[in-house]
$ cat input26.cif   # mmCIF, C-alpha atoms
data_work
#
loop_
_atom_site.label_atom_id
_atom_site.label_comp_id
_atom_site.auth_asym_id
_atom_site.auth_seq_id
_atom_site.Cartn_x
_atom_site.Cartn_y
_atom_site.Cartn_z
CA MET A 14 33.15 -18.76 -4.45
CA THR A 15 35.76 -19.22 -1.66
CA LEU A 16 35.10 -17.96 1.85
CA SER A 17 37.85 -15.32 1.61
CA HIS A 18 36.48 -14.11 -1.73
CA GLU A 19 32.97 -14.08 -0.30
CA ASN A 20 34.09 -12.10 2.75
CA LYS A 21 35.85 -9.58 0.53
CA SER A 22 32.68 -9.16 -1.53
CA LEU A 23 30.53 -8.86 1.60
CA SER A 24 32.84 -6.18 2.95
CA LEU A 25 32.56 -4.11 -0.22
CA VAL A 26 28.79 -4.62 -0.46
CA LEU A 27 28.17 -3.65 3.15
CA THR A 28 30.26 -0.52 2.68
CA LYS A 29 28.02 0.50 -0.21
CA PHE A 30 25.03 0.14 2.10
CA GLY A 31 26.74 2.20 4.82
CA TYR A 32 28.05 -0.61 7.06
CA ALA A 33 31.45 -2.08 7.94
CA LEU A 34 31.92 -5.85 7.91
CA GLU A 35 33.92 -5.77 11.16
CA ASN A 36 30.87 -4.29 12.89
CA CYS A 37 28.47 -6.87 11.47
CA GLN A 38 27.61 -10.47 12.17
CA VAL A 39 26.74 -12.25 8.91
CA THR A 40 25.09 -15.69 8.73
CA SER A 41 23.54 -17.70 5.90
CA LEU A 42 19.76 -17.51 5.67
CA GLY A 43 17.26 -19.91 4.12
CA TYR A 44 17.55 -22.85 1.74
CA GLY A 45 16.97 -21.17 -1.64
CA LEU A 46 18.15 -22.97 -4.77
CA ILE A 47 18.89 -19.79 -6.73
CA ASN A 48 20.24 -16.78 -4.80
CA SER A 49 22.68 -16.53 -1.89
CA THR A 50 21.02 -14.92 1.13
CA TYR A 51 22.42 -13.70 4.45
CA LEU A 52 21.14 -12.24 7.68
CA VAL A 53 23.20 -9.26 8.82
CA GLN A 54 23.17 -7.90 12.35
CA SER A 55 24.80 -4.55 13.09
CA ASN A 56 24.31 -3.31 16.64
CA ASN A 57 20.56 -3.57 17.21
CA LYS A 58 19.62 -3.55 13.54
CA ARG A 59 19.05 -6.61 11.38
CA PHE A 60 18.51 -6.83 7.64
CA VAL A 61 18.75 -9.32 4.78
CA LEU A 62 21.57 -9.17 2.24
CA GLN A 63 21.17 -11.09 -1.00
CA ARG A 64 23.35 -11.80 -4.01
CA LEU A 65 21.23 -12.31 -7.12
CA ASN A 66 22.12 -15.23 -9.36
CA ARG A 67 23.39 -13.66 -12.59
CA HIS A 68 22.97 -16.91 -14.52
CA VAL A 69 19.28 -17.02 -13.67
CA PHE A 70 18.58 -13.27 -13.69
CA LYS A 71 20.23 -11.91 -16.83
CA PHE A 72 19.11 -8.35 -16.03
CA PRO A 73 19.16 -8.20 -12.22
CA GLN A 74 18.20 -4.54 -12.02
CA GLN A 75 14.82 -5.55 -13.43
CA VAL A 76 14.38 -7.77 -10.36
CA THR A 77 14.98 -4.91 -7.96
CA ASP A 78 12.92 -2.46 -10.04
CA ASN A 79 9.96 -4.86 -10.07
CA ALA A 80 10.26 -5.39 -6.32
CA ASP A 81 10.18 -1.64 -5.72
CA LEU A 82 7.01 -1.24 -7.79
CA ILE A 83 5.25 -4.10 -6.04
CA SER A 84 6.25 -3.10 -2.52
CA GLU A 85 5.17 0.50 -3.16
CA HIS A 86 1.73 -0.69 -4.27
CA LEU A 87 1.36 -3.10 -1.36
CA LYS A 88 2.50 -0.48 1.15
CA ALA A 89 -0.29 1.81 -0.02
CA LYS A 90 -2.82 -1.01 0.32
CA TYR A 91 -1.46 -1.92 3.75
CA LEU A 92 -1.73 1.65 5.03
CA ALA A 93 -5.29 1.84 3.68
CA ASN A 94 -6.18 -1.41 5.52
CA GLU A 95 -6.77 -3.11 2.16
CA TYR A 96 -3.94 -5.63 2.57
CA ALA A 97 -3.44 -7.50 5.83
CA LEU A 98 0.10 -8.83 5.33
CA GLN A 99 3.25 -6.82 5.88
CA PRO A 100 4.94 -5.58 2.69
CA ILE A 101 8.65 -6.28 2.26
CA TRP A 102 10.83 -3.49 0.89
CA GLN A 103 14.38 -2.98 -0.33
CA HIS A 104 16.79 -0.63 1.42
CA GLN A 105 18.58 2.10 -0.47
CA SER A 106 22.35 2.14 -0.87
CA ILE A 107 24.43 5.20 -0.01
CA GLU A 108 24.01 6.10 -3.70
CA HIS A 109 20.20 5.91 -3.28
CA LYS A 110 19.79 2.76 -5.36
CA SER A 111 17.97 -0.51 -4.60
CA HIS A 112 21.02 -2.55 -5.57
CA VAL A 113 24.81 -2.38 -5.60
CA GLU A 114 27.23 -3.98 -8.02
CA VAL A 115 30.49 -5.53 -6.82
CA ALA A 116 32.82 -7.52 -9.08
CA GLY A 117 30.03 -8.04 -11.59
CA GLU A 118 27.59 -9.34 -8.98
CA TYR A 119 24.33 -7.64 -8.01
CA TRP A 120 23.41 -7.35 -4.35
CA ARG A 121 20.47 -5.89 -2.48
CA SER A 122 19.44 -5.24 1.09
CA LEU A 123 15.95 -6.22 2.24
CA HIS A 124 13.74 -5.38 5.17
CA TYR A 125 13.91 -8.07 7.87
CA VAL A 126 10.66 -8.87 9.64
CA GLU A 127 11.32 -9.59 13.31
CA HIS A 128 9.87 -12.49 15.30
CA CYS A 129 9.18 -14.52 12.15
CA GLN A 130 10.30 -17.80 10.66
CA THR A 131 9.93 -19.74 7.45
CA LEU A 132 8.50 -23.25 7.24
CA GLU A 133 9.41 -26.00 4.81
CA SER A 134 6.20 -28.01 4.80
CA ILE A 135 2.52 -27.78 5.71
CA GLU A 136 1.69 -29.58 8.91
CA ASN A 137 -2.11 -29.25 9.22
CA ILE A 138 -5.33 -28.10 7.57
CA GLU A 139 -5.35 -24.70 9.28
CA GLN A 140 -1.87 -23.98 8.01
CA ALA A 141 -2.89 -24.97 4.48
CA HIS A 142 -5.80 -22.55 4.68
CA ASP A 143 -3.49 -19.74 5.83
CA VAL A 144 -0.94 -20.41 3.10
CA ALA A 145 -3.50 -20.36 0.29
CA SER A 146 -5.30 -17.33 1.67
CA SER A 147 -2.03 -15.38 1.97
CA PHE A 148 -0.90 -15.98 -1.60
CA ALA A 149 -4.40 -15.19 -2.89
CA GLN A 150 -4.51 -11.97 -0.84
CA PHE A 151 -1.15 -11.00 -2.34
CA THR A 152 -2.43 -11.40 -5.90
CA ALA A 153 -5.82 -9.85 -5.11
CA ALA A 154 -4.13 -6.77 -3.64
CA LEU A 155 -2.29 -6.35 -6.93
CA SER A 156 -5.42 -6.80 -9.06
CA ASP A 157 -5.55 -3.05 -9.75
CA PHE A 158 -1.85 -2.86 -10.60
CA ASN A 159 -1.03 -2.94 -14.31
CA SER A 160 1.01 -6.11 -14.69
CA HIS A 161 2.53 -4.78 -17.92
CA ARG A 162 4.53 -2.29 -15.81
CA LEU A 163 6.63 -5.21 -14.57
CA ALA A 164 9.64 -6.38 -16.52
CA ASP A 165 9.50 -9.93 -17.80
CA ILE A 166 12.26 -11.16 -15.48
CA ILE A 167 12.59 -14.61 -17.02
CA PRO A 168 10.88 -14.61 -20.42
CA ASP A 169 8.50 -17.55 -20.90
CA PHE A 170 9.05 -18.61 -17.28
CA HIS A 171 5.77 -20.56 -17.20
CA ASN A 172 5.30 -20.91 -20.95
CA LEU A 173 4.91 -24.65 -21.53
CA SER A 174 5.62 -24.45 -25.27
CA ALA A 175 8.82 -22.53 -24.61
CA ARG A 176 9.89 -24.99 -21.91
CA LEU A 177 9.38 -27.87 -24.32
CA ALA A 178 11.47 -26.04 -26.92
CA GLN A 179 14.25 -25.55 -24.33
CA LEU A 180 14.13 -29.25 -23.55
CA GLU A 181 14.46 -30.09 -27.24
CA LYS A 182 17.45 -27.74 -27.57
CA ALA A 183 19.12 -29.26 -24.51
CA LEU A 184 18.51 -32.74 -25.87
CA LYS A 185 20.35 -31.92 -29.10
CA ALA A 186 23.39 -30.58 -27.23
CA SER A 187 23.53 -33.04 -24.34
CA ALA A 188 26.01 -35.82 -23.70
CA ASN A 189 24.79 -39.26 -24.74
CA GLU A 190 25.20 -40.65 -21.22
CA ARG A 191 22.76 -38.11 -19.79
CA ILE A 192 20.29 -38.69 -22.61
CA GLU A 193 20.34 -42.44 -21.91
CA GLN A 194 19.72 -41.82 -18.21
CA ALA A 195 16.77 -39.56 -19.00
CA GLN A 196 15.27 -41.56 -21.89
CA SER A 197 12.23 -43.02 -20.12
CA THR A 198 11.30 -39.61 -18.75
CA LEU A 199 11.75 -38.02 -22.17
CA ASN A 200 9.50 -40.66 -23.73
CA PHE A 201 6.68 -40.00 -21.26
CA ILE A 202 6.87 -36.24 -21.73
CA ASP A 203 6.60 -36.76 -25.49
CA SER A 204 3.45 -38.84 -24.95
CA GLN A 205 1.66 -35.90 -23.29
CA GLN A 206 1.05 -33.83 -26.42
CA PRO A 207 -2.77 -33.80 -25.97
CA PHE A 208 -2.35 -32.18 -22.53
CA CYS A 209 0.06 -29.63 -23.98
CA ARG A 210 -2.47 -28.70 -26.66
CA GLU A 211 -5.17 -28.25 -24.00
CA ILE A 212 -2.95 -25.77 -22.15
CA ALA A 213 -2.21 -23.83 -25.35
CA ILE A 214 -5.95 -23.38 -25.94
CA LEU A 215 -6.72 -22.54 -22.31
CA ILE A 216 -4.28 -19.65 -21.88
CA LYS A 217 -5.99 -17.74 -24.69
CA GLN A 218 -9.08 -17.49 -22.45
CA LEU A 219 -7.37 -16.19 -19.31
CA PRO A 220 -6.62 -12.65 -18.08
CA LEU A 221 -3.08 -11.71 -17.12
CA ARG A 222 -2.47 -10.80 -13.48
CA VAL A 223 0.53 -10.04 -11.30
CA THR A 224 1.50 -13.49 -10.10
CA HIS A 225 4.13 -14.54 -7.57
CA ASN A 226 5.29 -17.57 -9.57
CA ASP A 227 6.93 -19.35 -6.64
CA THR A 228 4.11 -20.04 -4.18
CA LYS A 229 5.83 -22.48 -1.85
CA ILE A 230 5.19 -22.32 1.88
CA ASN A 231 8.81 -21.25 2.49
CA ASN A 232 8.09 -18.02 0.63
CA LEU A 233 5.88 -16.94 3.52
CA LEU A 234 7.05 -15.57 6.84
CA PHE A 235 5.14 -16.88 9.87
CA ASN A 236 4.89 -15.01 13.15
CA ARG A 237 6.60 -17.10 15.85
CA GLU A 238 3.98 -16.23 18.47
CA THR A 239 0.74 -16.51 16.52
CA ASN A 240 1.94 -19.07 13.92
CA LYS A 241 0.05 -17.00 11.33
CA PRO A 242 1.48 -15.71 8.03
CA ALA A 243 3.01 -12.25 8.35
CA ALA A 244 4.41 -11.55 4.88
CA VAL A 245 4.87 -12.88 1.36
CA ILE A 246 8.56 -12.88 0.45
CA ASP A 247 10.82 -13.65 -2.54
CA LEU A 248 9.31 -11.42 -5.21
CA ASP A 249 12.09 -12.18 -7.72
CA THR A 250 9.84 -13.87 -10.26
CA CYS A 251 6.75 -11.68 -9.85
CA MET A 252 5.57 -11.00 -13.39
CA SER A 253 2.50 -11.06 -15.55
CA GLY A 254 0.99 -14.52 -15.40
CA TYR A 255 -2.03 -16.70 -14.80
CA LEU A 256 -3.61 -17.76 -11.53
CA MET A 257 -3.37 -21.41 -12.47
CA HIS A 258 0.41 -21.13 -12.27
CA ASP A 259 0.41 -19.84 -8.69
CA PHE A 260 -2.30 -22.22 -7.53
CA GLY A 261 -0.73 -25.22 -9.25
CA ASP A 262 2.72 -24.49 -7.84
CA MET A 263 1.26 -24.15 -4.35
CA VAL A 264 -0.57 -27.49 -4.63
CA ARG A 265 2.48 -29.14 -6.18
CA SER A 266 4.75 -28.06 -3.33
CA CYS A 267 2.29 -28.66 -0.49
CA CYS A 268 0.39 -31.85 -1.25
CA SER A 269 2.99 -34.49 -2.00
CA SER A 270 3.85 -36.92 0.79
CA ILE A 271 7.57 -36.86 -0.08
CA ALA A 272 10.13 -34.10 -0.76
CA GLU A 273 10.50 -32.93 -4.35
CA ASP A 274 13.98 -34.45 -4.60
CA SER A 275 13.10 -37.79 -3.03
CA ALA A 276 13.75 -40.85 -5.17
CA GLU A 277 11.29 -42.98 -3.18
CA LEU A 278 8.52 -42.62 -5.76
CA ALA A 279 6.59 -45.65 -4.53
CA ASP A 280 6.01 -43.76 -1.27
CA MET A 281 4.45 -40.74 -2.99
CA SER A 282 0.80 -39.98 -2.32
CA ILE A 283 -1.40 -36.88 -2.48
CA ASN A 284 -2.82 -35.31 0.66
CA PHE A 285 -6.32 -34.48 -0.56
CA HIS A 286 -7.34 -32.93 2.76
CA ILE A 287 -4.58 -30.35 2.32
CA LEU A 288 -5.49 -29.89 -1.34
CA SER A 289 -9.13 -29.22 -0.45
CA ALA A 290 -8.14 -26.66 2.18
CA LEU A 291 -5.85 -24.93 -0.32
CA ALA A 292 -8.55 -24.78 -2.98
CA ASN A 293 -11.28 -23.49 -0.69
CA ALA A 294 -9.14 -20.81 0.93
CA TYR A 295 -7.44 -19.66 -2.29
CA ILE A 296 -10.68 -19.25 -4.23
CA ALA A 297 -12.57 -17.66 -1.33
CA ALA A 298 -9.87 -15.02 -0.82
CA PHE A 299 -10.65 -13.51 -4.21
CA ASN A 300 -14.11 -12.67 -2.88
CA GLY A 301 -16.00 -13.50 -6.06
CA SER A 302 -13.69 -11.72 -8.48
CA LEU A 303 -12.59 -14.87 -10.32
CA SER A 304 -14.02 -15.45 -13.75
CA GLU A 305 -15.45 -18.88 -14.54
CA ALA A 306 -12.51 -19.51 -16.88
CA GLU A 307 -9.99 -18.66 -14.15
CA HIS A 308 -11.78 -20.91 -11.67
CA LYS A 309 -11.70 -23.84 -14.09
CA SER A 310 -8.07 -23.12 -15.01
CA LEU A 311 -6.96 -23.92 -11.46
CA LEU A 312 -7.78 -27.55 -12.15
CA PHE A 313 -5.34 -27.54 -15.06
CA GLY A 314 -2.73 -25.71 -13.00
CA VAL A 315 -2.58 -28.59 -10.51
CA LYS A 316 -1.30 -30.88 -13.26
CA LEU A 317 0.56 -28.29 -15.32
CA MET A 318 3.03 -27.15 -12.67
CA PRO A 319 4.58 -30.52 -11.73
CA PHE A 320 4.68 -31.41 -15.42
CA MET A 321 6.44 -28.16 -16.31
CA LEU A 322 8.84 -28.38 -13.38
CA CYS A 323 9.72 -31.89 -14.47
CA ILE A 324 10.64 -30.44 -17.86
CA ARG A 325 12.72 -27.68 -16.22
CA PHE A 326 14.64 -30.10 -13.99
CA LEU A 327 15.23 -32.44 -16.91
CA THR A 328 16.41 -29.61 -19.16
CA ASP A 329 18.89 -28.49 -16.51
CA PHE A 330 20.12 -32.06 -16.10
CA LEU A 331 20.73 -32.35 -19.85
CA ASN A 332 22.44 -28.95 -19.84
CA GLY A 333 24.86 -30.00 -17.13
CA ASP A 334 23.08 -28.56 -14.06
CA LYS A 335 23.56 -24.84 -14.62
CA TYR A 336 20.33 -23.47 -13.13
CA PHE A 337 19.36 -25.35 -9.97
CA LYS A 338 21.84 -26.05 -7.19
CA THR A 339 22.59 -29.78 -7.01
CA SER A 340 24.17 -32.06 -4.40
CA TYR A 341 25.06 -35.01 -6.65
CA ALA A 342 25.34 -35.92 -10.33
CA THR A 343 21.76 -37.06 -10.96
CA HIS A 344 20.02 -34.71 -8.51
CA ASN A 345 18.07 -32.87 -11.22
CA LEU A 346 17.08 -36.13 -12.91
CA VAL A 347 15.73 -37.43 -9.60
CA ARG A 348 13.80 -34.18 -9.16
CA ALA A 349 12.38 -34.50 -12.69
CA LYS A 350 11.18 -38.07 -12.11
CA ASN A 351 9.68 -37.02 -8.79
CA GLN A 352 7.62 -34.26 -10.37
CA LEU A 353 6.56 -36.49 -13.24
CA GLN A 354 5.29 -39.05 -10.76
CA LEU A 355 3.25 -36.32 -9.06
CA TYR A 356 1.80 -35.32 -12.43
CA LYS A 357 0.84 -38.94 -13.09
CA LEU A 358 -0.89 -39.23 -9.71
CA PHE A 359 -2.89 -36.06 -10.35
CA CYS A 360 -3.93 -37.36 -13.78
CA GLN A 361 -5.09 -40.62 -12.20
CA GLN A 362 -7.21 -38.64 -9.73
CA GLN A 363 -8.85 -36.32 -12.28
CA THR A 364 -12.41 -36.93 -11.05
CA ARG A 365 -11.50 -36.26 -7.43
CA LEU A 366 -9.60 -33.13 -8.43
CA GLU A 367 -12.65 -31.84 -10.27
CA GLU A 368 -14.83 -32.46 -7.23
CA ILE A 369 -12.46 -30.51 -4.98
CA VAL A 370 -11.46 -27.59 -7.18
CA LEU A 371 -14.64 -26.97 -9.14
CA SER A 372 -16.92 -27.33 -6.13
CA ALA A 373 -14.90 -24.86 -4.06
CA PRO A 374 -17.15 -21.83 -3.49
CA ALA A 375 -16.18 -18.93 -5.73
CA LEU A 376 -18.91 -16.75 -4.14
CA ASN A 377 -20.27 -14.40 -6.78
CA ALA A 378 -18.03 -15.59 -9.58
CA ILE A 379 -18.25 -13.48 -12.72
CA ALA A 380 -18.84 -15.07 -16.06
#

$ encode --input "input26.cif" --output "structure tokens"
Amino acid sequence: MTLSHENKSLSLVLTKFGYALENCQVTSLGYGLINSTYLVQSNNKRFVLQRLNRHVFKFPQQVTDNADLISEHLKAKYLANEYALQPIWQHQSIEHKSHVEVAGEYWRSLHYVEHCQTLESIENIEQAHDVASSFAQFTAALSDFNSHRLADIIPDFHNLSARLAQLEKALKASANERIEQAQSTLNFIDSQQPFCREIAILIKQLPLRVTHNDTKINNLLFNRETNKPAAVIDLDTCMSGYLMHDFGDMVRSCCSSIAEDSAELADMSINFHILSALANAYIAAFNGSLSEAEHKSLLFGVKLMPFMLCIRFLTDFLNGDKYFKTSYATHNLVRAKNQLQLYKLFCQQQTRLEEIVLSAPALNAIA
């Protein structure tokens, strides 16, 4: 989208929310790979404006509807002192809706939390503890919310069998050159059928919860003064899911020594001190409400999430890079190989993972 086209859209969107572009200062916000997000300042008021990615979110109103339901529930918990973090809510348009549509694009306005910042990586043990505790508190606060009320924003988002089927479909339609580039990665994925069967058996034993499904540190706001988490953000993919997905994604994004799009795989290592802090804080925040099956599932989640993200990156590469934003031709292939290397490292450290995750105190864990 050109700058002039973008400005025209912003002008129309802001009008629908009761503002005029000439009275606003608009700047890009964050480093998200999916949506386009802006910070808007009008006089002394600031808010977030976001264009939802229509390729990713086929039914964008479901995203805003889900966010309204979740924020309403969390607001009630917050006011009752049963949830310590600040809920994020969507502003209403002049037509009293949580979204506006301009030129076929869906936009929304979000509450902006002052004096906060996002972080891109964990720097110390205390921070790891805070990150894990915050995401666990978020899910625990929604434990009495019926997850079936939420629309399935991206069907089979963390369904490994479905992701493998998507990969197979992409493989059949992909250009030969891309297949050749990805062949070694494809071969390794195919060799992991026993692990895939384990996951298929495991999910039949687990309860569904409201899960965030994107538990990276940059989906938390940190207070600039206290350096403590203030809010969980980016609720776009909140749906019914399993704790192992949230825990595994958090570990995946926090414990690698290199960025997820780094090609320097020989430099990759796992920070087990951070992993231990994540496990202890995450499990403890549920205050004994985890079942034994859920506790054990976290171990599988650590390996599952980099493996599944590898499949997603590789599928997008074979499809011509339609989902994730890329900076160069093989960006998604590099990301896929990176996540596969992380999966391999976790598999090699199975015993140590068991010691960390399974020994983490679950307090009065239920059977």

$ residues_around --input "input26.cif" --residues "A:Phe158" --least-positions-apart "6" --cutoff "10 Å" --atoms "all atoms listed in the file" --output "list in words"
Leu82, Ile83, His86, Leu87, Thr152, Arg222 and Val223 of chain A

$ closest_residue --input "input26.cif" --among "A:Tyr356, A:Phe148, A:Tyr255, A:Tyr51" --to "A:Gln205" --atoms "all atoms listed in the file"
A:Tyr356

$ residues_around --input "input26.cif" --residues "stretch 20-37 of chain A" --least-positions-apart "6" --cutoff "9 Å" --atoms "only C-alpha atoms" --output "PyMOL selection string"
chain A and resi 53-56+62+104-108+113-116+120-122

$ atom_distance --input "input26.cif" --atom1 "atom CA of A:Ala306" --atom2 "atom CA of A:Glu368"
16.3 Å

$ resolve_selection --input "input26.cif" --expression "the PyMOL selection byres ((chain A and resi 149) around 9)" --output "compact mmCIF listing (two decimals) with C-alpha atoms, in the frame of the given file"
# COMPACT_ATOMS: atom_id res chain seq x y z
CA VAL A 144 -0.94 -20.41 3.10
CA ALA A 145 -3.50 -20.36 0.29
CA SER A 146 -5.30 -17.33 1.67
CA SER A 147 -2.03 -15.38 1.97
CA PHE A 148 -0.90 -15.98 -1.60
CA GLN A 150 -4.51 -11.97 -0.84
CA PHE A 151 -1.15 -11.00 -2.34
CA THR A 152 -2.43 -11.40 -5.90
CA ALA A 153 -5.82 -9.85 -5.11
CA ALA A 154 -4.13 -6.77 -3.64
CA ASP A 259 0.41 -19.84 -8.69
CA PHE A 260 -2.30 -22.22 -7.53
CA ALA A 294 -9.14 -20.81 0.93
CA TYR A 295 -7.44 -19.66 -2.29
CA ILE A 296 -10.68 -19.25 -4.23
CA ALA A 297 -12.57 -17.66 -1.33
CA ALA A 298 -9.87 -15.02 -0.82
CA PHE A 299 -10.65 -13.51 -4.21

$ closest_residue --input "input26.cif" --among "A:Leu234, A:Leu132, A:Met257, A:Leu221" --to "A:Asp157" --atoms "all atoms listed in the file"
A:Leu221

$ build_atoms --input "input26.cif" --residues "stretch 87-100 of chain A" --atoms "N, CA and C atoms" --output "PDB file, in the coordinates of the input"
ATOM      1  N   LEU A  87       1.847  -2.378  -2.528  1.00  0.00           N
ATOM      2  CA  LEU A  87       1.360  -3.100  -1.360  1.00  0.00           C
ATOM      3  C   LEU A  87       1.422  -2.253  -0.089  1.00  0.00           C
ATOM      4  N   LYS A  88       2.424  -1.390   0.004  1.00  0.00           N
ATOM      5  CA  LYS A  88       2.500  -0.480   1.150  1.00  0.00           C
ATOM      6  C   LYS A  88       1.275   0.418   1.207  1.00  0.00           C
ATOM      7  N   ALA A  89       0.888   0.939   0.039  1.00  0.00           N
ATOM      8  CA  ALA A  89      -0.290   1.810  -0.020  1.00  0.00           C
ATOM      9  C   ALA A  89      -1.541   1.047   0.400  1.00  0.00           C
ATOM     10  N   LYS A  90      -1.671  -0.189  -0.061  1.00  0.00           N
ATOM     11  CA  LYS A  90      -2.820  -1.010   0.320  1.00  0.00           C
ATOM     12  C   LYS A  90      -2.787  -1.333   1.819  1.00  0.00           C
ATOM     13  N   TYR A  91      -1.616  -1.597   2.329  1.00  0.00           N
ATOM     14  CA  TYR A  91      -1.460  -1.920   3.750  1.00  0.00           C
ATOM     15  C   TYR A  91      -1.866  -0.741   4.627  1.00  0.00           C
ATOM     16  N   LEU A  92      -1.411   0.449   4.254  1.00  0.00           N
ATOM     17  CA  LEU A  92      -1.730   1.650   5.030  1.00  0.00           C
ATOM     18  C   LEU A  92      -3.212   1.994   4.949  1.00  0.00           C
ATOM     19  N   ALA A  93      -3.862   1.585   3.857  1.00  0.00           N
ATOM     20  CA  ALA A  93      -5.290   1.840   3.680  1.00  0.00           C
ATOM     21  C   ALA A  93      -6.142   0.698   4.240  1.00  0.00           C
ATOM     22  N   ASN A  94      -5.504  -0.230   4.950  1.00  0.00           N
ATOM     23  CA  ASN A  94      -6.180  -1.410   5.520  1.00  0.00           C
ATOM     24  C   ASN A  94      -6.855  -2.266   4.444  1.00  0.00           C
ATOM     25  N   GLU A  95      -6.243  -2.300   3.260  1.00  0.00           N
ATOM     26  CA  GLU A  95      -6.770  -3.110   2.160  1.00  0.00           C
ATOM     27  C   GLU A  95      -5.871  -4.320   1.877  1.00  0.00           C
ATOM     28  N   TYR A  96      -4.838  -4.476   2.700  1.00  0.00           N
ATOM     29  CA  TYR A  96      -3.940  -5.630   2.570  1.00  0.00           C
ATOM     30  C   TYR A  96      -3.428  -5.946   3.969  1.00  0.00           C
ATOM     31  N   ALA A  97      -3.688  -7.165   4.432  1.00  0.00           N
ATOM     32  CA  ALA A  97      -3.440  -7.500   5.830  1.00  0.00           C
ATOM     33  C   ALA A  97      -2.003  -7.922   6.123  1.00  0.00           C
ATOM     34  N   LEU A  98      -1.258  -8.357   5.113  1.00  0.00           N
ATOM     35  CA  LEU A  98       0.100  -8.830   5.330  1.00  0.00           C
ATOM     36  C   LEU A  98       1.098  -7.670   5.266  1.00  0.00           C
ATOM     37  N   GLN A  99       2.251  -7.883   5.842  1.00  0.00           N
ATOM     38  CA  GLN A  99       3.250  -6.820   5.880  1.00  0.00           C
ATOM     39  C   GLN A  99       4.060  -6.797   4.591  1.00  0.00           C
ATOM     40  N   PRO A 100       4.114  -5.664   3.898  1.00  0.00           N
ATOM     41  CA  PRO A 100       4.940  -5.580   2.690  1.00  0.00           C
ATOM     42  C   PRO A 100       6.423  -5.681   3.043  1.00  0.00           C
TER      43      PRO A 100
END
